[in-house]
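This is upload-v2.pdb (PDB, C-alpha atoms).
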ATOM      1  CA  MET A 713      71.873 140.455 119.550  1.00  0.00           C
ATOM      2  CA  LYS A 714      74.351 143.332 119.625  1.00  0.00           C
ATOM      3  CA  GLY A 715      72.141 145.783 121.492  1.00  0.00           C
ATOM      4  CA  LYS A 716      69.952 146.772 118.531  1.00  0.00           C
ATOM      5  CA  LYS A 717      66.225 146.881 119.235  1.00  0.00           C
ATOM      6  CA  HIS A 718      63.979 145.047 116.797  1.00  0.00           C
ATOM      7  CA  ASP A 719      60.220 145.375 116.486  1.00  0.00           C
ATOM      8  CA  PHE A 720      58.761 141.925 117.049  1.00  0.00           C
ATOM      9  CA  SER A 721      55.215 143.222 117.617  1.00  0.00           C
ATOM     10  CA  LYS A 722      53.948 142.264 114.142  1.00  0.00           C
ATOM     11  CA  ILE A 723      55.204 138.663 114.186  1.00  0.00           C
ATOM     12  CA  LYS A 724      52.409 136.148 113.620  1.00  0.00           C
ATOM     13  CA  LEU A 725      54.441 133.289 112.134  1.00  0.00           C
ATOM     14  CA  PHE A 726      57.790 131.925 113.328  1.00  0.00           C
ATOM     15  CA  LEU A 727      59.656 129.541 111.031  1.00  0.00           C
ATOM     16  CA  SER A 728      62.984 127.773 111.300  1.00  0.00           C
ATOM     17  CA  ASP A 729      65.354 125.832 109.112  1.00  0.00           C
ATOM     18  CA  VAL A 730      66.330 122.413 110.491  1.00  0.00           C
ATOM     19  CA  ASP A 731      69.930 121.430 109.715  1.00  0.00           C
ATOM     20  CA  GLY A 732      72.337 123.985 111.145  1.00  0.00           C
ATOM     21  CA  VAL A 733      69.629 125.680 113.235  1.00  0.00           C
ATOM     22  CA  LEU A 734      67.708 123.008 115.132  1.00  0.00           C
ATOM     23  CA  THR A 735      70.759 120.751 114.775  1.00  0.00           C
ATOM     24  CA  ASP A 736      74.496 121.347 114.835  1.00  0.00           C
ATOM     25  CA  ALA A 737      74.667 120.841 111.035  1.00  0.00           C
ATOM     26  CA  GLY A 738      76.298 117.450 111.527  1.00  0.00           C
ATOM     27  CA  MET A 739      75.136 114.384 109.658  1.00  0.00           C
ATOM     28  CA  TYR A 740      75.749 111.336 111.806  1.00  0.00           C
ATOM     29  CA  TYR A 741      75.717 107.765 110.466  1.00  0.00           C
ATOM     30  CA  THR A 742      76.141 104.423 112.171  1.00  0.00           C
ATOM     31  CA  GLU A 743      78.152 101.602 110.661  1.00  0.00           C
ATOM     32  CA  ASN A 744      74.833 100.140 109.474  1.00  0.00           C
ATOM     33  CA  GLY A 745      73.950 103.372 107.656  1.00  0.00           C
ATOM     34  CA  ASP A 746      71.373 104.659 110.148  1.00  0.00           C
ATOM     35  CA  GLU A 747      71.211 108.449 110.236  1.00  0.00           C
ATOM     36  CA  PHE A 748      70.661 110.414 113.418  1.00  0.00           C
ATOM     37  CA  LYS A 749      70.599 114.044 114.484  1.00  0.00           C
ATOM     38  CA  ARG A 750      70.856 115.840 117.795  1.00  0.00           C
ATOM     39  CA  PHE A 751      68.041 118.288 118.550  1.00  0.00           C
ATOM     40  CA  CYS A 752      68.043 120.703 121.496  1.00  0.00           C
ATOM     41  CA  THR A 753      65.017 120.435 123.793  1.00  0.00           C
ATOM     42  CA  TYR A 754      65.265 124.161 124.593  1.00  0.00           C
ATOM     43  CA  ASP A 755      64.310 124.881 120.986  1.00  0.00           C
ATOM     44  CA  GLY A 756      61.266 122.645 121.271  1.00  0.00           C
ATOM     45  CA  MET A 757      60.084 124.582 124.303  1.00  0.00           C
ATOM     46  CA  GLY A 758      60.722 127.835 122.432  1.00  0.00           C
ATOM     47  CA  PHE A 759      58.258 126.749 119.745  1.00  0.00           C
ATOM     48  CA  GLN A 760      55.679 125.798 122.377  1.00  0.00           C
ATOM     49  CA  LEU A 761      56.029 129.105 124.237  1.00  0.00           C
ATOM     50  CA  LEU A 762      55.483 131.040 121.012  1.00  0.00           C
ATOM     51  CA  GLN A 763      52.378 128.974 120.261  1.00  0.00           C
ATOM     52  CA  LYS A 764      50.992 129.785 123.720  1.00  0.00           C
ATOM     53  CA  LYS A 765      51.245 133.483 122.776  1.00  0.00           C
ATOM     54  CA  GLY A 766      49.270 132.887 119.584  1.00  0.00           C
ATOM     55  CA  ILE A 767      52.199 132.788 117.160  1.00  0.00           C
ATOM     56  CA  LYS A 768      52.066 129.938 114.653  1.00  0.00           C
ATOM     57  CA  VAL A 769      55.314 127.987 114.287  1.00  0.00           C
ATOM     58  CA  GLY A 770      56.912 125.639 111.811  1.00  0.00           C
ATOM     59  CA  ILE A 771      59.977 124.240 110.111  1.00  0.00           C
ATOM     60  CA  LEU A 772      61.183 124.380 106.512  1.00  0.00           C
ATOM     61  CA  THR A 773      63.870 122.067 105.226  1.00  0.00           C
ATOM     62  CA  THR A 774      65.363 121.035 101.918  1.00  0.00           C
ATOM     63  CA  GLU A 775      65.989 117.617 103.460  1.00  0.00           C
ATOM     64  CA  ASP A 776      63.261 115.013 103.164  1.00  0.00           C
ATOM     65  CA  ARG A 777      63.877 112.770 106.151  1.00  0.00           C
ATOM     66  CA  GLU A 778      61.470 110.878 108.361  1.00  0.00           C
ATOM     67  CA  LEU A 779      63.405 111.831 111.495  1.00  0.00           C
ATOM     68  CA  ASN A 780      62.659 115.530 110.792  1.00  0.00           C
ATOM     69  CA  ARG A 781      58.979 114.664 110.367  1.00  0.00           C
ATOM     70  CA  ARG A 782      58.971 112.782 113.669  1.00  0.00           C
ATOM     71  CA  ARG A 783      60.562 115.724 115.464  1.00  0.00           C
ATOM     72  CA  ALA A 784      57.985 118.136 114.010  1.00  0.00           C
ATOM     73  CA  LYS A 785      55.134 115.829 115.030  1.00  0.00           C
ATOM     74  CA  LYS A 786      56.494 115.425 118.554  1.00  0.00           C
ATOM     75  CA  LEU A 787      56.686 119.210 118.930  1.00  0.00           C
ATOM     76  CA  GLY A 788      53.147 119.720 117.644  1.00  0.00           C
ATOM     77  CA  LEU A 789      54.213 122.382 115.143  1.00  0.00           C
ATOM     78  CA  ASP A 790      51.574 124.188 113.113  1.00  0.00           C
ATOM     79  CA  PHE A 791      53.550 123.643 109.900  1.00  0.00           C
ATOM     80  CA  ASP A 792      56.326 121.357 108.712  1.00  0.00           C
ATOM     81  CA  PHE A 793      57.569 121.409 105.143  1.00  0.00           C
ATOM     82  CA  HIS A 794      60.162 118.949 103.837  1.00  0.00           C
ATOM     83  CA  GLY A 795      62.099 118.475 100.607  1.00  0.00           C
ATOM     84  CA  LEU A 796      61.762 122.119  99.553  1.00  0.00           C
ATOM     85  CA  LYS A 797      63.434 123.660  96.541  1.00  0.00           C
ATOM     86  CA  ASP A 798      62.099 127.222  96.909  1.00  0.00           C
ATOM     87  CA  LYS A 799      61.558 128.248 100.530  1.00  0.00           C
ATOM     88  CA  LEU A 800      60.606 131.826  99.692  1.00  0.00           C
ATOM     89  CA  GLN A 801      57.804 130.823  97.320  1.00  0.00           C
ATOM     90  CA  LEU A 802      56.451 128.326  99.819  1.00  0.00           C
ATOM     91  CA  VAL A 803      56.329 130.993 102.536  1.00  0.00           C
ATOM     92  CA  LYS A 804      54.716 133.495 100.168  1.00  0.00           C
ATOM     93  CA  ASP A 805      52.011 130.911  99.444  1.00  0.00           C
ATOM     94  CA  LEU A 806      51.646 130.153 103.162  1.00  0.00           C
ATOM     95  CA  CYS A 807      51.282 133.858 103.952  1.00  0.00           C
ATOM     96  CA  GLU A 808      48.533 134.159 101.382  1.00  0.00           C
ATOM     97  CA  LYS A 809      46.750 131.145 102.892  1.00  0.00           C
ATOM     98  CA  GLU A 810      47.149 132.547 106.429  1.00  0.00           C
ATOM     99  CA  ASN A 811      46.173 136.063 105.308  1.00  0.00           C
ATOM    100  CA  ILE A 812      49.405 137.637 106.571  1.00  0.00           C
ATOM    101  CA  SER A 813      52.348 139.416 104.933  1.00  0.00           C
ATOM    102  CA  LEU A 814      56.033 138.488 104.815  1.00  0.00           C
ATOM    103  CA  ASP A 815      56.603 141.378 107.253  1.00  0.00           C
ATOM    104  CA  GLU A 816      54.713 139.352 109.857  1.00  0.00           C
ATOM    105  CA  VAL A 817      57.078 136.379 109.521  1.00  0.00           C
ATOM    106  CA  SER A 818      60.228 135.662 111.498  1.00  0.00           C
ATOM    107  CA  TYR A 819      62.648 133.124 110.029  1.00  0.00           C
ATOM    108  CA  ILE A 820      65.903 131.722 111.326  1.00  0.00           C
ATOM    109  CA  GLY A 821      68.306 130.118 108.878  1.00  0.00           C
ATOM    110  CA  ASP A 822      72.009 129.487 108.489  1.00  0.00           C
ATOM    111  CA  ASP A 823      73.027 128.663 104.919  1.00  0.00           C
ATOM    112  CA  VAL A 824      72.712 129.812 101.317  1.00  0.00           C
ATOM    113  CA  ASN A 825      69.490 127.849 100.733  1.00  0.00           C
ATOM    114  CA  CYS A 826      67.873 130.178 103.300  1.00  0.00           C
ATOM    115  CA  PHE A 827      69.235 133.404 101.779  1.00  0.00           C
ATOM    116  CA  ASP A 828      66.234 134.491  99.675  1.00  0.00           C
ATOM    117  CA  LEU A 829      63.733 133.850 102.452  1.00  0.00           C
ATOM    118  CA  LEU A 830      65.893 135.550 105.092  1.00  0.00           C
ATOM    119  CA  SER A 831      66.236 138.566 102.795  1.00  0.00           C
ATOM    120  CA  ASN A 832      62.446 138.998 102.531  1.00  0.00           C
ATOM    121  CA  VAL A 833      60.873 138.325 105.955  1.00  0.00           C
ATOM    122  CA  GLY A 834      60.029 140.888 108.611  1.00  0.00           C
ATOM    123  CA  ILE A 835      62.506 139.492 111.155  1.00  0.00           C
ATOM    124  CA  ALA A 836      65.469 137.444 109.946  1.00  0.00           C
ATOM    125  CA  ALA A 837      67.961 135.787 112.289  1.00  0.00           C
ATOM    126  CA  CYS A 838      70.898 133.423 112.106  1.00  0.00           C
ATOM    127  CA  PRO A 839      72.959 131.335 114.521  1.00  0.00           C
ATOM    128  CA  SER A 840      76.486 132.446 115.353  1.00  0.00           C
ATOM    129  CA  ASN A 841      77.923 129.730 113.106  1.00  0.00           C
ATOM    130  CA  ALA A 842      75.901 130.685 110.001  1.00  0.00           C
ATOM    131  CA  VAL A 843      77.761 131.086 106.714  1.00  0.00           C
ATOM    132  CA  SER A 844      79.180 134.515 105.861  1.00  0.00           C
ATOM    133  CA  LYS A 845      76.708 135.210 103.059  1.00  0.00           C
ATOM    134  CA  VAL A 846      73.799 134.826 105.497  1.00  0.00           C
ATOM    135  CA  LYS A 847      75.497 136.904 108.188  1.00  0.00           C
ATOM    136  CA  ALA A 848      75.906 139.727 105.644  1.00  0.00           C
ATOM    137  CA  ILE A 849      72.144 140.101 105.000  1.00  0.00           C
ATOM    138  CA  PRO A 850      71.135 143.665 105.965  1.00  0.00           C
ATOM    139  CA  ASN A 851      69.341 143.882 109.344  1.00  0.00           C
ATOM    140  CA  ILE A 852      69.676 140.161 110.106  1.00  0.00           C
ATOM    141  CA  ILE A 853      69.857 139.388 113.813  1.00  0.00           C
ATOM    142  CA  HIS A 854      73.109 137.652 114.746  1.00  0.00           C
ATOM    143  CA  LEU A 855      72.239 135.375 117.643  1.00  0.00           C
ATOM    144  CA  LYS A 856      74.795 134.348 120.249  1.00  0.00           C
ATOM    145  CA  LYS A 857      74.131 130.624 120.168  1.00  0.00           C
ATOM    146  CA  LYS A 858      75.191 128.131 117.522  1.00  0.00           C
ATOM    147  CA  GLY A 859      72.804 125.880 115.651  1.00  0.00           C
ATOM    148  CA  GLY A 860      71.744 122.933 117.785  1.00  0.00           C
ATOM    149  CA  ASP A 861      72.512 124.768 121.023  1.00  0.00           C
ATOM    150  CA  GLY A 862      69.169 126.480 121.654  1.00  0.00           C
ATOM    151  CA  VAL A 863      69.342 129.253 119.064  1.00  0.00           C
ATOM    152  CA  VAL A 864      65.610 129.054 118.294  1.00  0.00           C
ATOM    153  CA  ARG A 865      64.864 129.456 121.997  1.00  0.00           C
ATOM    154  CA  GLU A 866      67.168 132.491 122.126  1.00  0.00           C
ATOM    155  CA  LEU A 867      65.171 134.251 119.410  1.00  0.00           C
ATOM    156  CA  ALA A 868      61.829 133.039 120.807  1.00  0.00           C
ATOM    157  CA  GLU A 869      62.643 134.599 124.187  1.00  0.00           C
ATOM    158  CA  GLU A 870      63.364 137.949 122.521  1.00  0.00           C
ATOM    159  CA  ILE A 871      60.049 137.801 120.679  1.00  0.00           C
ATOM    160  CA  LEU A 872      58.163 136.803 123.846  1.00  0.00           C
ATOM    161  CA  ALA A 873      59.819 139.532 125.933  1.00  0.00           C
ATOM    162  CA  SER A 874      58.580 142.134 123.455  1.00  0.00           C
ATOM    163  CA  LYS A 875      55.002 140.876 123.763  1.00  0.00           C
ATOM    164  CA  ASN A 876      54.814 141.288 127.555  1.00  0.00           C
TER
END
Please express the file's structure as structure tokens.
Amino acid sequence: MKGKKHDFSKIKLFLSDVDGVLTDAGMYYTENGDEFKRFCTYDGMGFQLLQKKGIKVGILTTEDRELNRRRAKKLGLDFDFHGLKDKLQLVKDLCEKENISLDEVSYIGDDVNCFDLLSNVGIAACPSNAVSKVKAIPNIIHLKKKGGDGVVRELAEEILASKN
């Protein structure tokens, strides 16, 4: 995280993109047309550890796939939103419902469909293999890990360390 100190003390909601963050951004298909994705179990534990500290967690994805829903259910996330067109508006509405501000949200994303949300949350982060436009967002945290390799856990550990 390049040595810069970030203030994670206000974070009450931790959200993540799916493809390119929880996965390696690959889309895998069998000869029969079945789709599958590789998720990192370290990320799943990162979500659970944040929940144990009272931080609500969830995923946002433009994809609308049952396998993403199954992963969210298995992890016991507080929120999972699928098939989104406007991530920022959804999070604004969620903040209003949860009685929190965007400054109290941490979001990790990797591609242009995450840009507006990343540009407006309190703590924004991206995997090392995020697209250049995302990496150029002012004050975004550049994580060391790539999507699908435990990048959510990397950020979760930083947040948790600040709360001890």
>> Translate the PyMOL selection byres ((chain A and resi 845-853) around 12) into a concrete residue list for this structure, as a ChimeraX atom specification.
In response: /A:713-720,818-844,854-857,863,866-867,870
>> Which residues, named as in the file, does the PyMOL selection byres ((chain A and resi 795) around 6) pick out? Answer as a VMD selection string.
In response: chain A and resid 774 to 776 794 796
Need the axis-aligned box for segment 805-809 of chain A with 3 Å each side, so what are the centre and edges in Å to one decimal, as lines of an AutoDock Vina configuration file?
center_x = 49.4
center_y = 132.2
center_z = 101.7
size_x = 11.3
size_y = 10.0
size_z = 10.5
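One finds atom CA of Phe726 of chain A at 6.2 Å from atom CA of Lys768 of chain A.
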> Applied to the shown file, which residues does the PyMOL selection byres ((chain A and resi 868) around 8) return, written as a PyMOL selection string?
Replying inline: chain A and resi 758-759+761-762+864-867+869-872
Take segment 807-831 of chain A, model N, CA and C atoms, and hand the result over as an mmCIF file, in the coordinates of the input.
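Generated file (rebuild16.cif):
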data_model
loop_
_atom_site.group_PDB
_atom_site.id
_atom_site.type_symbol
_atom_site.label_atom_id
_atom_site.label_comp_id
_atom_site.auth_asym_id
_atom_site.auth_seq_id
_atom_site.Cartn_x
_atom_site.Cartn_y
_atom_site.Cartn_z
ATOM 1 N N CYS A 807 51.771 132.552 103.492
ATOM 2 C CA CYS A 807 51.282 133.858 103.952
ATOM 3 C C CYS A 807 49.935 134.184 103.323
ATOM 4 N N GLU A 808 49.809 133.902 102.053
ATOM 5 C CA GLU A 808 48.533 134.159 101.382
ATOM 6 C C GLU A 808 47.424 133.315 102.022
ATOM 7 N N LYS A 809 47.725 132.049 102.271
ATOM 8 C CA LYS A 809 46.750 131.145 102.892
ATOM 9 C C LYS A 809 46.374 131.609 104.302
ATOM 10 N N GLU A 810 47.360 132.111 105.046
ATOM 11 C CA GLU A 810 47.149 132.547 106.429
ATOM 12 C C GLU A 810 46.688 134.001 106.523
ATOM 13 N N ASN A 811 46.605 134.659 105.375
ATOM 14 C CA ASN A 811 46.173 136.063 105.308
ATOM 15 C C ASN A 811 47.093 136.990 106.123
ATOM 16 N N ILE A 812 48.401 136.782 105.941
ATOM 17 C CA ILE A 812 49.405 137.637 106.571
ATOM 18 C C ILE A 812 50.423 138.049 105.506
ATOM 19 N N SER A 813 51.305 138.981 105.866
ATOM 20 C CA SER A 813 52.348 139.416 104.933
ATOM 21 C C SER A 813 53.701 138.857 105.370
ATOM 22 N N LEU A 814 54.668 138.921 104.473
ATOM 23 C CA LEU A 814 56.033 138.488 104.815
ATOM 24 C C LEU A 814 56.601 139.303 105.971
ATOM 25 N N ASP A 815 56.144 140.544 106.140
ATOM 26 C CA ASP A 815 56.603 141.378 107.253
ATOM 27 C C ASP A 815 56.190 140.820 108.604
ATOM 28 N N GLU A 816 55.203 139.942 108.610
ATOM 29 C CA GLU A 816 54.713 139.352 109.857
ATOM 30 C C GLU A 816 55.334 137.985 110.146
ATOM 31 N N VAL A 817 56.387 137.663 109.392
ATOM 32 C CA VAL A 817 57.078 136.379 109.521
ATOM 33 C C VAL A 817 58.476 136.603 110.087
ATOM 34 N N SER A 818 58.849 135.730 111.019
ATOM 35 C CA SER A 818 60.228 135.662 111.498
ATOM 36 C C SER A 818 60.795 134.321 111.047
ATOM 37 N N TYR A 819 62.007 134.355 110.505
ATOM 38 C CA TYR A 819 62.648 133.124 110.029
ATOM 39 C C TYR A 819 64.087 133.095 110.503
ATOM 40 N N ILE A 820 64.513 131.918 110.936
ATOM 41 C CA ILE A 820 65.903 131.722 111.326
ATOM 42 C C ILE A 820 66.516 130.654 110.425
ATOM 43 N N GLY A 821 67.622 131.022 109.791
ATOM 44 C CA GLY A 821 68.306 130.118 108.878
ATOM 45 C C GLY A 821 69.802 130.350 108.932
ATOM 46 N N ASP A 822 70.554 129.438 108.333
ATOM 47 C CA ASP A 822 72.009 129.487 108.489
ATOM 48 C C ASP A 822 72.829 129.351 107.214
ATOM 49 N N ASP A 823 72.211 128.966 106.101
ATOM 50 C CA ASP A 823 73.027 128.663 104.919
ATOM 51 C C ASP A 823 72.412 129.281 103.666
ATOM 52 N N VAL A 824 73.100 129.132 102.549
ATOM 53 C CA VAL A 824 72.712 129.812 101.317
ATOM 54 C C VAL A 824 71.311 129.432 100.825
ATOM 55 N N ASN A 825 70.834 128.237 101.151
ATOM 56 C CA ASN A 825 69.490 127.849 100.733
ATOM 57 C C ASN A 825 68.402 128.591 101.516
ATOM 58 N N CYS A 826 68.795 129.348 102.517
ATOM 59 C CA CYS A 826 67.873 130.178 103.300
ATOM 60 C C CYS A 826 67.963 131.655 102.902
ATOM 61 N N PHE A 827 68.916 132.008 102.070
ATOM 62 C CA PHE A 827 69.235 133.404 101.779
ATOM 63 C C PHE A 827 68.044 134.216 101.279
ATOM 64 N N ASP A 828 67.347 133.725 100.252
ATOM 65 C CA ASP A 828 66.234 134.491 99.675
ATOM 66 C C ASP A 828 65.123 134.721 100.694
ATOM 67 N N LEU A 829 64.784 133.695 101.447
ATOM 68 C CA LEU A 829 63.733 133.850 102.452
ATOM 69 C C LEU A 829 64.172 134.811 103.544
ATOM 70 N N LEU A 830 65.383 134.656 104.047
ATOM 71 C CA LEU A 830 65.893 135.550 105.092
ATOM 72 C C LEU A 830 65.910 137.008 104.620
ATOM 73 N N SER A 831 66.152 137.213 103.348
ATOM 74 C CA SER A 831 66.236 138.566 102.795
ATOM 75 C C SER A 831 64.872 139.228 102.608
#
